[in-house]
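Asks: Input final_26.csv, format and content: CSV, C-alpha atoms.
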chain,number,residue,atom,x,y,z
A,1,ASN,CA,168.9,96.9,52.1
A,2,LYS,CA,165.2,96.7,51.2
A,3,TRP,CA,165.2,92.9,52.1
A,4,VAL,CA,166.5,93.7,55.6
A,5,ARG,CA,164.0,96.5,56.0
A,6,LYS,CA,161.2,94.1,55.1
A,7,ALA,CA,162.4,91.1,57.2
A,8,LEU,CA,163.5,92.9,60.4
A,9,PRO,CA,160.0,93.7,61.7
A,10,TYR,CA,159.0,90.0,61.3
A,11,ALA,CA,162.1,88.9,63.2
A,12,LYS,CA,161.5,91.3,66.0
A,13,LEU,CA,157.9,90.2,66.2
A,14,ALA,CA,158.9,86.6,66.2
A,15,ALA,CA,161.2,87.2,69.1
A,16,PHE,CA,158.4,89.0,71.0
A,17,ARG,CA,155.9,86.3,70.3
A,18,LEU,CA,158.4,83.5,71.3
A,19,GLN,CA,159.2,85.2,74.6
A,20,MET,CA,155.5,85.8,75.3
A,21,MET,CA,154.8,82.1,74.5
A,22,GLU,CA,157.6,80.9,76.7
A,23,ASP,CA,156.4,83.1,79.6
A,24,ASN,CA,152.8,81.8,79.2
A,25,LEU,CA,154.0,78.2,79.0
A,26,ASN,CA,155.7,78.6,82.3
A,27,LEU,CA,152.4,79.5,83.9
A,28,LEU,CA,150.7,76.3,82.7
A,29,SER,CA,151.1,73.2,84.8
A,30,SER,CA,149.9,70.3,82.7
A,31,GLU,CA,151.6,69.0,79.5
A,32,LYS,CA,148.2,68.8,77.8
A,33,ALA,CA,147.5,72.5,78.5
A,34,LYS,CA,151.0,73.4,77.2
A,35,ARG,CA,150.4,71.4,73.9
A,36,LYS,CA,147.0,73.0,73.4
A,37,TYR,CA,148.5,76.5,74.0
A,38,ILE,CA,151.3,75.8,71.5
A,39,LYS,CA,148.8,74.6,68.9
A,40,GLU,CA,146.7,77.7,69.4
A,41,CYS,CA,149.8,80.0,69.0
A,42,GLU,CA,150.8,78.1,65.9
A,43,LYS,CA,147.4,78.6,64.3
A,44,ALA,CA,147.3,82.3,65.2
A,45,ILE,CA,150.8,82.9,63.8
A,46,LYS,CA,150.0,81.0,60.5
A,47,LYS,CA,146.7,82.9,60.1
A,48,GLN,CA,148.4,86.3,60.7
A,49,PHE,CA,151.7,85.8,58.8
A,50,MET,CA,151.6,82.9,56.3
A,51,ASP,CA,150.4,84.9,53.3
A,52,ASP,CA,153.1,87.5,53.9
A,53,LEU,CA,155.8,84.9,54.3
A,54,LYS,CA,154.8,83.0,51.2
A,55,ASN,CA,155.1,86.2,49.2
A,56,MET,CA,158.7,86.9,50.3
A,57,TYR,CA,161.5,86.7,47.8
A,58,VAL,CA,164.0,84.0,48.4
A,59,GLU,CA,166.7,86.4,49.6
A,60,GLU,CA,164.2,88.0,52.1
A,61,GLY,CA,163.4,84.6,53.5
A,62,ARG,CA,167.1,83.8,53.9
A,63,ILE,CA,167.7,87.1,55.7
A,64,LEU,CA,164.6,86.6,57.9
A,65,LEU,CA,166.0,83.2,59.1
A,66,LYS,CA,169.2,84.9,60.0
A,67,LEU,CA,167.5,87.7,61.8
A,68,ILE,CA,165.2,85.4,63.8
A,69,HIS,CA,168.4,83.8,65.1
A,70,ARG,CA,169.8,87.3,65.8
A,71,GLU,CA,166.7,88.4,67.7
A,72,THR,CA,166.0,85.1,69.6
A,73,GLY,CA,169.4,83.4,69.9
A,74,LYS,CA,167.7,80.3,68.4
A,75,THR,CA,167.6,79.0,64.9
A,76,THR,CA,164.2,78.4,63.3
A,77,PHE,CA,165.0,74.7,63.3
A,78,ASP,CA,165.5,74.8,67.1
A,79,ILE,CA,162.3,76.7,67.6
A,80,MET,CA,160.3,74.3,65.4
A,81,LYS,CA,162.0,71.3,67.1
A,82,ASN,CA,161.0,72.6,70.6
A,83,TYR,CA,157.5,73.7,69.8
A,84,GLY,CA,156.4,72.0,66.6
A,85,GLY,CA,156.1,68.4,65.7
A,86,THR,CA,158.9,66.4,64.1
A,87,PHE,CA,157.0,66.1,60.8
A,88,GLU,CA,156.5,69.9,60.6
A,89,THR,CA,160.2,70.5,61.4
A,90,ILE,CA,161.3,68.1,58.7
A,91,PHE,CA,158.8,69.6,56.2
A,92,PHE,CA,160.0,73.2,56.8
A,93,GLN,CA,163.6,72.1,56.6
A,94,VAL,CA,163.0,70.5,53.2
A,95,LEU,CA,161.2,73.6,52.1
A,96,ALA,CA,164.1,75.8,53.2
A,97,LYS,CA,166.5,73.5,51.3
A,98,SER,CA,164.4,74.1,48.2
A,99,TYR,CA,165.2,77.8,48.5
A,100,ASN,CA,168.9,76.9,48.9
A,101,THR,CA,169.1,77.7,52.6
A,102,SER,CA,168.6,75.9,55.9
A,103,MET,CA,166.5,76.5,59.0
A,104,LYS,CA,169.7,75.9,60.9
A,105,VAL,CA,171.2,79.1,59.5
A,106,THR,CA,172.7,81.4,62.1
A,107,TYR,CA,173.5,85.1,62.3
A,108,ASP,CA,177.0,86.2,62.9
A,109,ALA,CA,177.5,90.0,63.2
A,110,VAL,CA,181.1,89.7,61.8
A,111,ILE,CA,180.2,87.6,58.8
A,112,ASP,CA,176.9,89.4,58.3
A,113,TYR,CA,178.4,92.8,58.9
A,114,GLN,CA,176.5,94.4,56.0
A,115,ILE,CA,173.2,93.3,57.4
A,116,GLU,CA,174.3,94.5,60.9
A,117,GLU,CA,175.2,98.0,59.4
A,118,ILE,CA,171.8,98.2,57.8
A,119,ILE,CA,170.1,97.3,61.0
A,120,LYS,CA,172.1,99.9,63.0
A,121,SER,CA,171.1,102.5,60.4
A,122,ILE,CA,167.4,101.5,60.7
A,123,GLU,CA,167.4,101.5,64.5
A,124,ALA,CA,169.2,104.9,64.6
A,125,GLN,CA,166.3,106.6,62.7
Once you've parsed the file, please lay out its structure as structure tokens.

Replies:
Amino acid sequence: NKWVRKALPYAKLAAFRLQMMEDNLNLLSSEKAKRKYIKECEKAIKKQFMDDLKNMYVEEGRILLKLIHRETGKTTFDIMKNYGGTFETIFFQVLAKSYNTSMKVTYDAVIDYQIEEIIKSIEAQ
């Protein structure tokens, strides 16, 4: 319960930031400008959240990866593959494996019914 409460705001913020980034990328015409914008977004996100994410418990991290998929419809692997470099994607996949999870983890409301119930109770408040 406490892990979902801690991870949910990060997942919702990730979905918001991803949508905002995609909207802004659609306004840019050149590939160079798009790459520059993605790099700037990446730096800002790392600066704002990396310390918090490093201090998460393993289970919180696992739940966060599932919730990012729930909120965005994309796995963190797909997000990194689309917007990050191949090396970074591989690096973070290896890191996720060290925590006995995968960046390709998905959210399924039926399988993850306990998480879904917690989220519903949080959102009902």

Asks: Let me make sure I understand: among A:Lys34, A:Arg17, A:Lys120, A:Lys2, which one has the smallest atom-to-atom distance to Tyr57 of chain A if we use all atoms listed in the file?

Replies: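 Among the listed residues, A:Lys2 lies closest to Tyr57 of chain A.
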
Asks: A:Gln93, A:Ser30, A:Thr76, A:Asn1: which is nearest Gln114 of chain A, counting all atoms listed in the file?

Replies: A:Asn1

Asks: Grab the atom CA of Glu59 of chain A to atom CA of Trp3 of chain A distance for me, in Å with one decimal place.

Replies: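 Between atom CA of Glu59 of chain A and atom CA of Trp3 of chain A the gap is 7.1 Å.
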
Asks: Report, in Å to a single decimal, how far apart atom CA of Thr75 of chain A and atom CA of Asp112 of chain A are.

Replies: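 Between atom CA of Asp112 of chain A and atom CA of Thr75 of chain A the gap is 15.4 Å.
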
Asks: Go through A:Lys97, A:Gln48, A:Lys32, A:Lys6 and flag the residue nearest Ile119 of chain A, using all atoms listed in the file for the distances.

Replies: A:Lys6

Asks: So, counting all atoms listed in the file, which residue among A:Thr89, A:Ile45, A:Ser121, A:Glu116 is closest to Leu18 of chain A?

Replies: A:Ile45

Asks: Within 9 Å of (164.6, 73.9, 60.8) (file coordinates; only C-alpha atoms), which protein or nucleic acid residues are there? I'd like them as a list in words.

Replies: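 Those residues, ordered by chain and then number, are Thr75, Thr76, Phe77, Asp78, Ile79, Met80, Lys81, Thr89, Ile90, Phe91, Phe92, Gln93, Val94, Ala96, Ser102, Met103, Lys104 and Val105 of chain A.
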
Asks: When you draw a straight line from atom CA of Leu13 of chain A to atom CA of Glu31 of chain A, how long is it in Å?

Replies: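 Straight-line distance from atom CA of Leu13 of chain A to atom CA of Glu31 of chain A works out to 25.8 Å.
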
Asks: Extract, using only C-alpha atoms, all DNA, RNA and protein residues at most 12 Å from segment 109-111 of chain A, discarding same-chain residues fewer than 6 positions from it, and format them as a list in words.

Replies: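 Listed by chain and then number, they are Lys66, Leu67, His69, Arg70, Glu71, Glu117, Ile118, Ile119 and Lys120 of chain A.
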
Asks: Store the residues picked out above, limited to C-alpha atoms, as an mmCIF file, in the frame of the given file.

Replies:
data_model
loop_
_atom_site.group_PDB
_atom_site.id
_atom_site.type_symbol
_atom_site.label_atom_id
_atom_site.label_comp_id
_atom_site.auth_asym_id
_atom_site.auth_seq_id
_atom_site.Cartn_x
_atom_site.Cartn_y
_atom_site.Cartn_z
ATOM 1 C CA LYS A 66 169.200 84.900 60.000
ATOM 2 C CA LEU A 67 167.500 87.700 61.800
ATOM 3 C CA HIS A 69 168.400 83.800 65.100
ATOM 4 C CA ARG A 70 169.800 87.300 65.800
ATOM 5 C CA GLU A 71 166.700 88.400 67.700
ATOM 6 C CA GLU A 117 175.200 98.000 59.400
ATOM 7 C CA ILE A 118 171.800 98.200 57.800
ATOM 8 C CA ILE A 119 170.100 97.300 61.000
ATOM 9 C CA LYS A 120 172.100 99.900 63.000
#

Asks: Could you rebuild segment 61-72 of chain A with all heavy atoms and give it back as a CSV table (one decimal), in the coordinates of the input?

Replies:
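For reference, selection07.csv as written:
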chain,number,residue,atom,x,y,z
A,61,GLY,N,163.6,85.7,52.6
A,61,GLY,CA,163.4,84.6,53.5
A,61,GLY,C,164.7,84.2,54.1
A,61,GLY,O,164.8,83.9,55.3
A,62,ARG,N,165.8,84.2,53.4
A,62,ARG,CA,167.1,83.8,53.9
A,62,ARG,C,167.5,84.8,55.0
A,62,ARG,O,168.0,84.5,56.1
A,62,ARG,CB,168.2,83.8,52.8
A,62,ARG,CG,168.1,82.7,51.9
A,62,ARG,CD,169.3,82.7,50.9
A,62,ARG,NE,169.0,81.8,49.8
A,62,ARG,CZ,169.5,81.9,48.6
A,62,ARG,NH1,170.2,83.0,48.3
A,62,ARG,NH2,169.2,81.1,47.7
A,63,ILE,N,167.3,86.1,54.7
A,63,ILE,CA,167.7,87.1,55.7
A,63,ILE,C,166.8,87.0,56.9
A,63,ILE,O,167.3,87.1,58.1
A,63,ILE,CB,167.6,88.5,55.1
A,63,ILE,CG1,168.7,88.7,54.1
A,63,ILE,CG2,167.6,89.6,56.1
A,63,ILE,CD1,168.6,89.9,53.2
A,64,LEU,N,165.5,86.7,56.7
A,64,LEU,CA,164.6,86.6,57.9
A,64,LEU,C,165.1,85.4,58.8
A,64,LEU,O,165.1,85.6,60.0
A,64,LEU,CB,163.2,86.3,57.4
A,64,LEU,CG,162.1,86.0,58.5
A,64,LEU,CD1,162.0,87.2,59.4
A,64,LEU,CD2,160.8,85.7,57.9
A,65,LEU,N,165.5,84.3,58.2
A,65,LEU,CA,166.0,83.2,59.1
A,65,LEU,C,167.2,83.6,59.9
A,65,LEU,O,167.3,83.3,61.1
A,65,LEU,CB,166.3,82.0,58.2
A,65,LEU,CG,165.1,81.3,57.5
A,65,LEU,CD1,165.6,80.2,56.6
A,65,LEU,CD2,164.1,80.8,58.5
A,66,LYS,N,168.1,84.4,59.3
A,66,LYS,CA,169.2,84.9,60.0
A,66,LYS,C,168.8,85.9,61.1
A,66,LYS,O,169.3,85.8,62.2
A,66,LYS,CB,170.2,85.6,59.1
A,66,LYS,CG,171.0,84.6,58.2
A,66,LYS,CD,172.0,85.4,57.4
A,66,LYS,CE,172.9,84.5,56.6
A,66,LYS,NZ,174.2,84.3,57.3
A,67,LEU,N,167.9,86.7,60.8
A,67,LEU,CA,167.5,87.7,61.8
A,67,LEU,C,166.7,87.1,62.9
A,67,LEU,O,166.7,87.6,64.1
A,67,LEU,CB,166.6,88.8,61.1
A,67,LEU,CG,167.4,89.7,60.1
A,67,LEU,CD1,166.5,90.8,59.5
A,67,LEU,CD2,168.7,90.3,60.7
A,68,ILE,N,165.9,86.1,62.7
A,68,ILE,CA,165.2,85.4,63.8
A,68,ILE,C,166.3,84.8,64.7
A,68,ILE,O,166.1,85.0,66.0
A,68,ILE,CB,164.3,84.3,63.2
A,68,ILE,CG1,163.1,84.9,62.6
A,68,ILE,CG2,163.9,83.3,64.4
A,68,ILE,CD1,162.1,84.0,61.9
A,69,HIS,N,167.4,84.3,64.2
A,69,HIS,CA,168.4,83.8,65.1
A,69,HIS,C,169.1,85.0,65.9
A,69,HIS,O,169.3,84.9,67.1
A,69,HIS,CB,169.5,83.1,64.3
A,69,HIS,CG,170.6,82.6,65.2
A,69,HIS,ND1,171.8,83.2,65.2
A,69,HIS,CD2,170.7,81.6,66.0
A,69,HIS,CE1,172.6,82.6,66.1
A,69,HIS,NE2,172.0,81.6,66.6
A,70,ARG,N,169.2,86.1,65.2
A,70,ARG,CA,169.8,87.3,65.8
A,70,ARG,C,169.0,87.8,67.0
A,70,ARG,O,169.4,88.2,68.0
A,70,ARG,CB,170.0,88.4,64.8
A,70,ARG,CG,170.5,89.7,65.4
A,70,ARG,CD,170.5,90.8,64.3
A,70,ARG,NE,171.2,92.0,64.7
A,70,ARG,CZ,170.5,93.1,65.3
A,70,ARG,NH1,169.2,93.0,65.5
A,70,ARG,NH2,171.2,94.1,65.7
A,71,GLU,N,167.6,87.8,66.8
A,71,GLU,CA,166.7,88.4,67.7
A,71,GLU,C,166.4,87.4,68.9
A,71,GLU,O,166.1,87.8,70.0
A,71,GLU,CB,165.4,88.8,67.1
A,71,GLU,CG,165.6,89.9,66.1
A,71,GLU,CD,166.1,91.2,66.7
A,71,GLU,OE1,165.6,91.6,67.8
A,71,GLU,OE2,166.9,91.9,66.1
A,72,THR,N,166.4,86.1,68.6
A,72,THR,CA,166.0,85.1,69.6
A,72,THR,C,167.1,84.3,70.2
A,72,THR,O,167.0,83.7,71.3
A,72,THR,CB,165.0,84.1,69.0
A,72,THR,OG1,165.6,83.3,68.0
A,72,THR,CG2,163.8,84.8,68.4
